[in-house]
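Everything below concerns the one structure shown next.
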Amino acid sequence: MTAAPTRLALHGDLLDFAGAPGWGDVDAPTVRWRPDHWLLVEDGRIVAVQAEAPDASWRPVDHAGRLVLPGFIDTHVHMPQLDVIASYGTELLDWLNNYTFPAETRFADPERSHAGAELFADALLANGTTSAVVFPTAHKVSADAMFASAQRRGMRIVTGKVLQDRHSPDGLRDDVAQAERDCVDLIERWHGTDRLSYAVTVRFAPTSSPEQLAMAGALCAADPTLYMQTHVAENRDEVRWVRELFPKARSYLGVYADAGLLHPRSVLAHGIWLDDDDRAALRDSGAHVAHSPSSNLFLGSGLYGWRPLADAGARTSLATDVGGGTSLSMVRTMADAYKVQALAGQRLTAWVALHAATRGAAEALQLGDEIGSFEPGRMADVCVWDWAAEPVAHRRMEVAAGLHEKVFAFMTLADDRNLAAAYVAGHERYARRPA
Ligand code: GUN
Ligand code: ZN
């Protein structure tokens, strides 16, 4: 890794959150807007924010007039699925069988895993995502590759070998004993190394036997610092199948609860078809939902009930779910989230969306003291954005009245073209090439 310049001062329009904004509140008092300020970074960490230009002991980087945000946190995304992004014509279960499982089978090859993880990590950074909770494949080598690619870039990544021992093709199935050995070895080598954490990664209930779910639960019970990630209640046919496979469970989410897989470090993707008892179980366990709007639209899965979950006191973060999702851009994801909520009869403010992609996600992952905001002491994972990248957006920005209107227009119109630079722990890891 290259040495970080010890003292760096980033100049621009700083936006982050001091706390969670209220649903529907466009004047949320927790929005921290510090235009024309300096973000001071020392040894990879944020040390201060100030209005005055710093003294000559700081190396200034002038992004005046640009939007400076904490790096985005994508809480659910599949490294090997860049190969199937934008695949035509299916809902979840056929999409898995026709496209996704065959593509993931190829990650048994260490070279495919290495190349895939490298491409993926660079693509995250080029979209302004500095942290992610990632599914690799069932192959141990794919988890190793993902950890190594993240480590080379200094990124905060949570990942773990996918567990799936049934209803999966040859070459993509594990078994309980070998999977447990692989998990234990990966945990020993990677969990807590640099900025990496291990997630016990259950693909979803249909592809794990009850014995494998019990093994996963035992791993979580043995070490409460481990994460758990899986999918839940994404698609109606999937929900019906889970009911057939686990007739004794109260609900799909109940399958995971019964196996000891719901805890404060559990990340559940989708959660579209939940009921009130499920929402209460999420609140009580501290587990949270990674809402993946572009995937839900693309696969026709349904409209996520963000408001009911918030009202129940449980958390939602935002995720791309590539390759069910169609873009690694968290900005596009926020725009899609607004549209999903519009169809669900709700209005998603820019503040709730942006918070769920930064500080809210960090806190849901129990990483609020490391990432997600510009509080002193946080790692300097920072992205610098042009407010507008093309004439239509420029015009919209000119006439925007007030901060929410401006940020909402940014969230709706921007994408990776707007990203000027991405810093990870104070290192510049992405810089847009000059036009
Ligand atoms: N459910 C089980 N596996 C997957 C996957 O790879 N993507 C999505 N969107 N849902 C899943
Ligand atoms: Zn997924």
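How things are named: the first chain in the structure tokens is A, the next is B, and so on; residues count from 1 in each chain; ligands count from 1 in the order shown.
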
### Query
Got a sec: who's within 12 Å of Asn97 of chain A, counting only C-alpha atoms, leaving out chain neighbours fewer than 2 positions off, as an MDAnalysis selection string?
chainID A and resid 84 90:95 99:105 167:170 172 207

### Task
List the neighbours of segment 114-126 of chain A out to 7 Å using only C-alpha atoms; skip same-chain residues closer than 4 positions along the sequence, and give me the result as a count of residues only.
12

### Message
Can you pull out every residue with an atom within 9 Å of ligand 2? Use only C-alpha atoms and all ligand atoms and format it as JSON, numbers by chain.
### Response
{"A": [76, 77, 78, 134, 135, 203, 230, 231, 269, 270, 292, 295, 320, 321, 322, 323, 324, 325]}

### Contacts of segment 409-414 of chain A at 12 Å (only C-alpha atoms; same-chain gap of 5+ positions) as a ChimeraX atom specification
/A:66-67,127-128,329-339,348-354,357,385-404,419

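Coordinates place atom CA of Asp144 of chain A at a distance of 8.4 Å from atom CA of Lys161 of chain A.
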
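Of the listed residues (A:Arg279, A:Arg265, A:His291, A:His37), A:His291 comes nearest to ligand 1; the distances count only C-alpha atoms and all ligand atoms.
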
#### Entry: helix (DSSP H, G or I) per DSSP on the backbone: members of segment 221-341 of chain A, as an MDAnalysis selection string
chainID A and resid 221:222 236:245 252:258 276:285 293:298 306:311 330:341

Write a file of the just-selected residues containing N, CA and C atoms, as a short mmCIF file (atom, residue, chain, number, x, y, z; two decimals), in the first residue's frame.
```
data_model
loop_
_atom_site.label_atom_id
_atom_site.label_comp_id
_atom_site.auth_asym_id
_atom_site.auth_seq_id
_atom_site.Cartn_x
_atom_site.Cartn_y
_atom_site.Cartn_z
N ALA A 221 -22.99 -18.06 17.37
CA ALA A 221 -23.07 -18.10 18.84
C ALA A 221 -21.69 -18.12 19.47
N ALA A 222 -20.73 -18.75 18.77
CA ALA A 222 -19.38 -18.88 19.32
C ALA A 222 -18.62 -17.56 19.29
N ARG A 236 -42.33 -13.85 -4.15
CA ARG A 236 -43.46 -14.63 -3.63
C ARG A 236 -43.29 -16.14 -3.84
N ASP A 237 -42.75 -16.54 -5.01
CA ASP A 237 -42.53 -17.98 -5.22
C ASP A 237 -41.49 -18.53 -4.25
N GLU A 238 -40.48 -17.70 -3.98
CA GLU A 238 -39.44 -18.09 -3.01
C GLU A 238 -40.07 -18.29 -1.62
N VAL A 239 -40.95 -17.36 -1.22
CA VAL A 239 -41.58 -17.45 0.10
C VAL A 239 -42.42 -18.73 0.20
N ARG A 240 -43.15 -19.04 -0.88
CA ARG A 240 -43.96 -20.28 -0.89
C ARG A 240 -43.07 -21.51 -0.74
N TRP A 241 -41.94 -21.49 -1.44
CA TRP A 241 -41.01 -22.63 -1.40
C TRP A 241 -40.47 -22.81 0.03
N VAL A 242 -40.12 -21.73 0.67
CA VAL A 242 -39.60 -21.81 2.04
C VAL A 242 -40.67 -22.38 2.98
N ARG A 243 -41.92 -22.00 2.74
CA ARG A 243 -43.00 -22.54 3.58
C ARG A 243 -43.10 -24.06 3.43
N GLU A 244 -42.90 -24.55 2.18
CA GLU A 244 -42.92 -26.01 1.96
C GLU A 244 -41.73 -26.70 2.62
N LEU A 245 -40.57 -26.05 2.51
CA LEU A 245 -39.33 -26.68 3.01
C LEU A 245 -39.25 -26.66 4.53
N TYR A 252 -40.73 -17.15 6.99
CA TYR A 252 -39.41 -17.24 6.36
C TYR A 252 -38.36 -16.70 7.32
N LEU A 253 -38.59 -15.50 7.85
CA LEU A 253 -37.62 -14.94 8.79
C LEU A 253 -37.46 -15.86 10.01
N GLY A 254 -38.57 -16.52 10.39
CA GLY A 254 -38.54 -17.43 11.53
C GLY A 254 -37.56 -18.58 11.34
N VAL A 255 -37.32 -19.00 10.09
CA VAL A 255 -36.32 -20.06 9.83
C VAL A 255 -34.96 -19.61 10.35
N TYR A 256 -34.63 -18.36 10.07
CA TYR A 256 -33.32 -17.84 10.52
C TYR A 256 -33.32 -17.63 12.03
N ALA A 257 -34.42 -17.13 12.56
CA ALA A 257 -34.50 -16.92 14.02
C ALA A 257 -34.31 -18.26 14.73
N ASP A 258 -34.98 -19.31 14.23
CA ASP A 258 -34.91 -20.63 14.88
C ASP A 258 -33.47 -21.17 14.87
N ASP A 276 -46.00 -8.23 10.48
CA ASP A 276 -45.72 -7.42 11.68
C ASP A 276 -44.85 -8.16 12.69
N ASP A 277 -45.07 -9.46 12.84
CA ASP A 277 -44.26 -10.22 13.80
C ASP A 277 -42.80 -10.29 13.33
N ASP A 278 -42.59 -10.40 12.02
CA ASP A 278 -41.22 -10.39 11.49
C ASP A 278 -40.56 -9.05 11.81
N ARG A 279 -41.31 -7.97 11.59
CA ARG A 279 -40.74 -6.64 11.84
C ARG A 279 -40.37 -6.48 13.31
N ALA A 280 -41.22 -6.99 14.18
CA ALA A 280 -40.91 -6.93 15.62
C ALA A 280 -39.67 -7.77 15.93
N ALA A 281 -39.54 -8.91 15.26
CA ALA A 281 -38.38 -9.78 15.50
C ALA A 281 -37.09 -9.08 15.03
N LEU A 282 -37.18 -8.34 13.94
CA LEU A 282 -36.00 -7.59 13.49
C LEU A 282 -35.63 -6.53 14.52
N ARG A 283 -36.63 -5.79 14.97
CA ARG A 283 -36.35 -4.76 15.99
C ARG A 283 -35.74 -5.38 17.24
N ASP A 284 -36.34 -6.44 17.72
CA ASP A 284 -35.89 -7.02 19.00
C ASP A 284 -34.50 -7.64 18.90
N SER A 285 -34.16 -8.16 17.72
CA SER A 285 -32.86 -8.82 17.57
C SER A 285 -31.75 -7.82 17.21
N PRO A 293 -33.39 -1.59 -4.01
CA PRO A 293 -34.50 -1.21 -4.89
C PRO A 293 -34.27 -1.54 -6.36
N SER A 294 -33.06 -1.38 -6.86
CA SER A 294 -32.91 -1.62 -8.31
C SER A 294 -33.10 -3.10 -8.61
N SER A 295 -32.64 -3.96 -7.71
CA SER A 295 -32.86 -5.40 -7.87
C SER A 295 -34.35 -5.74 -7.78
N ASN A 296 -35.03 -5.13 -6.82
CA ASN A 296 -36.45 -5.43 -6.63
C ASN A 296 -37.27 -5.03 -7.85
N LEU A 297 -36.87 -3.92 -8.49
CA LEU A 297 -37.55 -3.50 -9.71
C LEU A 297 -37.18 -4.41 -10.87
N PHE A 298 -35.88 -4.69 -11.02
CA PHE A 298 -35.41 -5.45 -12.18
C PHE A 298 -35.96 -6.88 -12.18
N TRP A 306 -40.56 0.19 3.57
CA TRP A 306 -39.56 0.88 4.42
C TRP A 306 -40.24 1.53 5.62
N ARG A 307 -41.35 2.23 5.34
CA ARG A 307 -42.04 2.95 6.41
C ARG A 307 -42.55 2.02 7.51
N PRO A 308 -43.22 0.91 7.16
CA PRO A 308 -43.66 -0.01 8.23
C PRO A 308 -42.50 -0.53 9.07
N LEU A 309 -41.36 -0.77 8.44
CA LEU A 309 -40.22 -1.27 9.22
C LEU A 309 -39.69 -0.17 10.14
N ALA A 310 -39.62 1.06 9.61
CA ALA A 310 -39.16 2.19 10.44
C ALA A 310 -40.13 2.39 11.60
N ASP A 311 -41.43 2.33 11.32
CA ASP A 311 -42.42 2.52 12.38
C ASP A 311 -42.33 1.43 13.45
N MET A 330 -24.51 3.77 -5.75
CA MET A 330 -25.43 4.00 -4.64
C MET A 330 -26.28 5.25 -4.88
N VAL A 331 -25.81 6.15 -5.74
CA VAL A 331 -26.63 7.32 -6.07
C VAL A 331 -27.85 6.86 -6.89
N ARG A 332 -27.59 6.03 -7.89
CA ARG A 332 -28.72 5.49 -8.65
C ARG A 332 -29.64 4.67 -7.76
N THR A 333 -29.04 3.99 -6.81
CA THR A 333 -29.83 3.18 -5.87
C THR A 333 -30.77 4.06 -5.05
N MET A 334 -30.27 5.21 -4.61
CA MET A 334 -31.13 6.14 -3.87
C MET A 334 -32.28 6.63 -4.75
N ALA A 335 -31.96 6.92 -6.01
CA ALA A 335 -33.01 7.37 -6.94
C ALA A 335 -34.06 6.28 -7.12
N ASP A 336 -33.62 5.03 -7.25
CA ASP A 336 -34.57 3.93 -7.39
C ASP A 336 -35.38 3.74 -6.11
N ALA A 337 -34.73 3.95 -4.97
CA ALA A 337 -35.45 3.80 -3.69
C ALA A 337 -36.59 4.81 -3.61
N TYR A 338 -36.34 6.03 -4.07
CA TYR A 338 -37.41 7.04 -4.08
C TYR A 338 -38.59 6.56 -4.92
N LYS A 339 -38.29 5.99 -6.09
CA LYS A 339 -39.36 5.55 -7.00
C LYS A 339 -40.13 4.37 -6.42
N VAL A 340 -39.43 3.46 -5.78
CA VAL A 340 -40.12 2.33 -5.13
C VAL A 340 -41.05 2.85 -4.05
N GLN A 341 -40.58 3.81 -3.25
CA GLN A 341 -41.44 4.36 -2.19
C GLN A 341 -42.62 5.13 -2.78
#
```

### Query
For ligand 1, which residue out of A:Thr129, A:Gln346, A:Gln229, A:Ser113 is the nearest one, using only C-alpha atoms and all ligand atoms?
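Of the candidates, the smallest distance to ligand 1 is held by A:Gln229.
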
### Task
Tell me which protein, DNA and RNA residues are within 6 Å of Asp381 of chain A, counting only C-alpha atoms, leaving out same-chain ones fewer than 6 positions away, and put them as a list in words.
Gly71, Tyr423, Val424 and Ala425 of chain A

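In this comparison, which uses only C-alpha atoms, the residue of A:Ala138, A:Ala314, A:Ala177, A:Ala56 approaching Thr201 of chain A most closely is A:Ala138.
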
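Take the candidates A:Phe246, A:Gln151, A:His427, A:Ala233 and check each one against Ala380 of chain A using only C-alpha atoms; the shortest distance goes to A:His427.
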
Please extract the residues of segment 77-179 of chain A with a backbone DSSP assignment of strand (DSSP E) and present them as a PDB file with all heavy atoms, in the first residue's frame.
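See part25.pdb below for the written result:
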```pdb
ATOM      1  N   VAL A  77     -24.188  -6.881  -1.856  1.00  0.00           N
ATOM      2  CA  VAL A  77     -23.781  -6.890  -3.265  1.00  0.00           C
ATOM      3  C   VAL A  77     -22.982  -8.165  -3.510  1.00  0.00           C
ATOM      4  O   VAL A  77     -22.313  -8.673  -2.611  1.00  0.00           O
ATOM      5  CB  VAL A  77     -22.975  -5.598  -3.588  1.00  0.00           C
ATOM      6  CG1 VAL A  77     -21.744  -5.430  -2.710  1.00  0.00           C
ATOM      7  CG2 VAL A  77     -22.607  -5.510  -5.060  1.00  0.00           C
ATOM      8  N   HIS A  78     -23.101  -8.690  -4.746  1.00  0.00           N
ATOM      9  CA  HIS A  78     -22.481  -9.983  -5.080  1.00  0.00           C
ATOM     10  C   HIS A  78     -21.285  -9.769  -6.008  1.00  0.00           C
ATOM     11  O   HIS A  78     -21.468  -9.401  -7.179  1.00  0.00           O
ATOM     12  CB  HIS A  78     -23.497 -10.879  -5.786  1.00  0.00           C
ATOM     13  CG  HIS A  78     -24.689 -11.246  -4.952  1.00  0.00           C
ATOM     14  ND1 HIS A  78     -24.852 -12.486  -4.386  1.00  0.00           N
ATOM     15  CD2 HIS A  78     -25.781 -10.522  -4.574  1.00  0.00           C
ATOM     16  CE1 HIS A  78     -26.000 -12.529  -3.711  1.00  0.00           C
ATOM     17  NE2 HIS A  78     -26.583 -11.337  -3.813  1.00  0.00           N
ATOM     18  N   THR A 129     -18.216   3.959  -3.592  1.00  0.00           N
ATOM     19  CA  THR A 129     -18.506   3.028  -2.492  1.00  0.00           C
ATOM     20  C   THR A 129     -17.179   2.577  -1.888  1.00  0.00           C
ATOM     21  O   THR A 129     -16.370   1.935  -2.557  1.00  0.00           O
ATOM     22  CB  THR A 129     -19.309   1.820  -3.015  1.00  0.00           C
ATOM     23  OG1 THR A 129     -20.561   2.307  -3.497  1.00  0.00           O
ATOM     24  CG2 THR A 129     -19.540   0.803  -1.917  1.00  0.00           C
ATOM     25  N   THR A 130     -16.980   2.917  -0.619  1.00  0.00           N
ATOM     26  CA  THR A 130     -15.705   2.597   0.032  1.00  0.00           C
ATOM     27  C   THR A 130     -15.836   1.432   1.010  1.00  0.00           C
ATOM     28  O   THR A 130     -14.826   0.902   1.476  1.00  0.00           O
ATOM     29  CB  THR A 130     -15.157   3.838   0.758  1.00  0.00           C
ATOM     30  OG1 THR A 130     -16.191   4.373   1.596  1.00  0.00           O
ATOM     31  CG2 THR A 130     -14.714   4.904  -0.235  1.00  0.00           C
ATOM     32  N   SER A 131     -17.081   1.061   1.352  1.00  0.00           N
ATOM     33  CA  SER A 131     -17.323  -0.077   2.240  1.00  0.00           C
ATOM     34  C   SER A 131     -18.459  -0.913   1.668  1.00  0.00           C
ATOM     35  O   SER A 131     -19.392  -0.362   1.077  1.00  0.00           O
ATOM     36  CB  SER A 131     -17.756   0.390   3.636  1.00  0.00           C
ATOM     37  OG  SER A 131     -16.739   1.115   4.270  1.00  0.00           O
ATOM     38  N   ALA A 132     -18.394  -2.230   1.899  1.00  0.00           N
ATOM     39  CA  ALA A 132     -19.478  -3.072   1.383  1.00  0.00           C
ATOM     40  C   ALA A 132     -19.565  -4.375   2.163  1.00  0.00           C
ATOM     41  O   ALA A 132     -18.589  -4.831   2.751  1.00  0.00           O
ATOM     42  CB  ALA A 132     -19.276  -3.368  -0.101  1.00  0.00           C
ATOM     43  N   VAL A 133     -20.775  -4.921   2.142  1.00  0.00           N
ATOM     44  CA  VAL A 133     -21.047  -6.251   2.684  1.00  0.00           C
ATOM     45  C   VAL A 133     -21.294  -7.134   1.461  1.00  0.00           C
ATOM     46  O   VAL A 133     -22.247  -6.911   0.706  1.00  0.00           O
ATOM     47  CB  VAL A 133     -22.265  -6.228   3.626  1.00  0.00           C
ATOM     48  CG1 VAL A 133     -22.484  -7.606   4.235  1.00  0.00           C
ATOM     49  CG2 VAL A 133     -22.085  -5.174   4.723  1.00  0.00           C
ATOM     50  N   VAL A 134     -20.407  -8.111   1.262  1.00  0.00           N
ATOM     51  CA  VAL A 134     -20.280  -8.739  -0.059  1.00  0.00           C
ATOM     52  C   VAL A 134     -20.527 -10.243   0.006  1.00  0.00           C
ATOM     53  O   VAL A 134     -19.983 -10.941   0.865  1.00  0.00           O
ATOM     54  CB  VAL A 134     -18.854  -8.491  -0.606  1.00  0.00           C
ATOM     55  CG1 VAL A 134     -18.693  -9.115  -1.991  1.00  0.00           C
ATOM     56  CG2 VAL A 134     -18.537  -6.999  -0.646  1.00  0.00           C
ATOM     57  N   PHE A 135     -21.299 -10.748  -0.950  1.00  0.00           N
ATOM     58  CA  PHE A 135     -21.373 -12.188  -1.208  1.00  0.00           C
ATOM     59  C   PHE A 135     -20.322 -12.549  -2.254  1.00  0.00           C
ATOM     60  O   PHE A 135     -20.362 -12.001  -3.363  1.00  0.00           O
ATOM     61  CB  PHE A 135     -22.737 -12.557  -1.798  1.00  0.00           C
ATOM     62  CG  PHE A 135     -23.776 -12.981  -0.809  1.00  0.00           C
ATOM     63  CD1 PHE A 135     -24.196 -12.117   0.184  1.00  0.00           C
ATOM     64  CD2 PHE A 135     -24.362 -14.239  -0.887  1.00  0.00           C
ATOM     65  CE1 PHE A 135     -25.175 -12.503   1.099  1.00  0.00           C
ATOM     66  CE2 PHE A 135     -25.340 -14.635   0.020  1.00  0.00           C
ATOM     67  CZ  PHE A 135     -25.746 -13.779   1.014  1.00  0.00           C
ATOM     68  N   ARG A 156     -12.935  -1.175   3.964  1.00  0.00           N
ATOM     69  CA  ARG A 156     -13.727  -1.827   5.020  1.00  0.00           C
ATOM     70  C   ARG A 156     -14.719  -2.761   4.310  1.00  0.00           C
ATOM     71  O   ARG A 156     -15.670  -2.313   3.677  1.00  0.00           O
ATOM     72  CB  ARG A 156     -14.420  -0.742   5.838  1.00  0.00           C
ATOM     73  CG  ARG A 156     -15.636  -1.136   6.613  1.00  0.00           C
ATOM     74  CD  ARG A 156     -15.529  -2.392   7.373  1.00  0.00           C
ATOM     75  NE  ARG A 156     -14.830  -2.291   8.642  1.00  0.00           N
ATOM     76  CZ  ARG A 156     -14.679  -3.336   9.468  1.00  0.00           C
ATOM     77  NH1 ARG A 156     -15.139  -4.525   9.155  1.00  0.00           N
ATOM     78  NH2 ARG A 156     -14.035  -3.189  10.608  1.00  0.00           N
ATOM     79  N   ILE A 157     -14.463  -4.046   4.399  1.00  0.00           N
ATOM     80  CA  ILE A 157     -15.296  -5.029   3.708  1.00  0.00           C
ATOM     81  C   ILE A 157     -15.694  -6.127   4.689  1.00  0.00           C
ATOM     82  O   ILE A 157     -14.895  -6.572   5.508  1.00  0.00           O
ATOM     83  CB  ILE A 157     -14.530  -5.643   2.500  1.00  0.00           C
ATOM     84  CG1 ILE A 157     -14.316  -4.604   1.398  1.00  0.00           C
ATOM     85  CG2 ILE A 157     -15.251  -6.877   1.947  1.00  0.00           C
ATOM     86  CD1 ILE A 157     -15.518  -4.255   0.559  1.00  0.00           C
ATOM     87  N   VAL A 158     -16.954  -6.529   4.582  1.00  0.00           N
ATOM     88  CA  VAL A 158     -17.493  -7.652   5.341  1.00  0.00           C
ATOM     89  C   VAL A 158     -17.889  -8.716   4.322  1.00  0.00           C
ATOM     90  O   VAL A 158     -18.688  -8.447   3.421  1.00  0.00           O
ATOM     91  CB  VAL A 158     -18.728  -7.211   6.153  1.00  0.00           C
ATOM     92  CG1 VAL A 158     -19.350  -8.408   6.871  1.00  0.00           C
ATOM     93  CG2 VAL A 158     -18.371  -6.097   7.147  1.00  0.00           C
ATOM     94  N   THR A 159     -17.333  -9.911   4.440  1.00  0.00           N
ATOM     95  CA  THR A 159     -17.682 -10.960   3.486  1.00  0.00           C
ATOM     96  C   THR A 159     -17.410 -12.323   4.105  1.00  0.00           C
ATOM     97  O   THR A 159     -16.870 -12.417   5.215  1.00  0.00           O
ATOM     98  CB  THR A 159     -16.926 -10.772   2.141  1.00  0.00           C
ATOM     99  OG1 THR A 159     -17.456 -11.662   1.162  1.00  0.00           O
ATOM    100  CG2 THR A 159     -15.433 -11.028   2.283  1.00  0.00           C
ATOM    101  N   VAL A 162     -19.906 -18.358   0.801  1.00  0.00           N
ATOM    102  CA  VAL A 162     -21.346 -18.638   0.755  1.00  0.00           C
ATOM    103  C   VAL A 162     -21.611 -20.088   1.165  1.00  0.00           C
ATOM    104  O   VAL A 162     -20.940 -21.007   0.691  1.00  0.00           O
ATOM    105  CB  VAL A 162     -21.907 -18.373  -0.658  1.00  0.00           C
ATOM    106  CG1 VAL A 162     -23.394 -18.734  -0.722  1.00  0.00           C
ATOM    107  CG2 VAL A 162     -21.693 -16.916  -1.051  1.00  0.00           C
ATOM    108  N   LEU A 163     -22.596 -20.255   2.052  1.00  0.00           N
ATOM    109  CA  LEU A 163     -23.023 -21.594   2.468  1.00  0.00           C
ATOM    110  C   LEU A 163     -24.214 -22.020   1.618  1.00  0.00           C
ATOM    111  O   LEU A 163     -25.237 -21.332   1.585  1.00  0.00           O
ATOM    112  CB  LEU A 163     -23.409 -21.565   3.949  1.00  0.00           C
ATOM    113  CG  LEU A 163     -22.270 -21.201   4.912  1.00  0.00           C
ATOM    114  CD1 LEU A 163     -22.807 -20.897   6.306  1.00  0.00           C
ATOM    115  CD2 LEU A 163     -21.241 -22.320   4.967  1.00  0.00           C
TER     116      LEU A 163
END
```

### Task
Would you kindly return, as a list of chain:residue names, each protein, DNA or RNA residue with an atom no farther than 9 Å from any atom of Asp194 of chain A, considering only C-alpha atoms and excluding same-chain residues fewer than 2 positions away?
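Here the qualifying residues turn out to be A:Gln151, A:Gly154, A:Met155, A:Arg156, A:Trp190, A:His191, A:Gly192, A:Leu196, A:Ser197.
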
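Near segment 46-53 of chain A, within 9 Å and counting only C-alpha atoms, sit A:Ala9, A:His11, A:Leu14, A:Arg34, A:Pro35, A:Asp36, A:His37, A:Trp38, A:Leu39, A:Leu40, A:Val41, A:Glu42, A:Asp43, A:Pro60, A:Phe374, A:Glu375, A:Pro376, A:Gly377, A:Arg378, A:Met379, A:Ala380, A:Asp381, A:Ala425, A:Gly426; same-chain residues fewer than 3 positions away were not included.
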
### Task
Considering only C-alpha atoms, return as a PyMOL selection string whatever protein or nucleic-acid residues lie within 7 Å of segment 216-218 of chain A, sequence-local ones (same chain, fewer than 5 positions apart) excluded.
chain A and resi 200+259-261
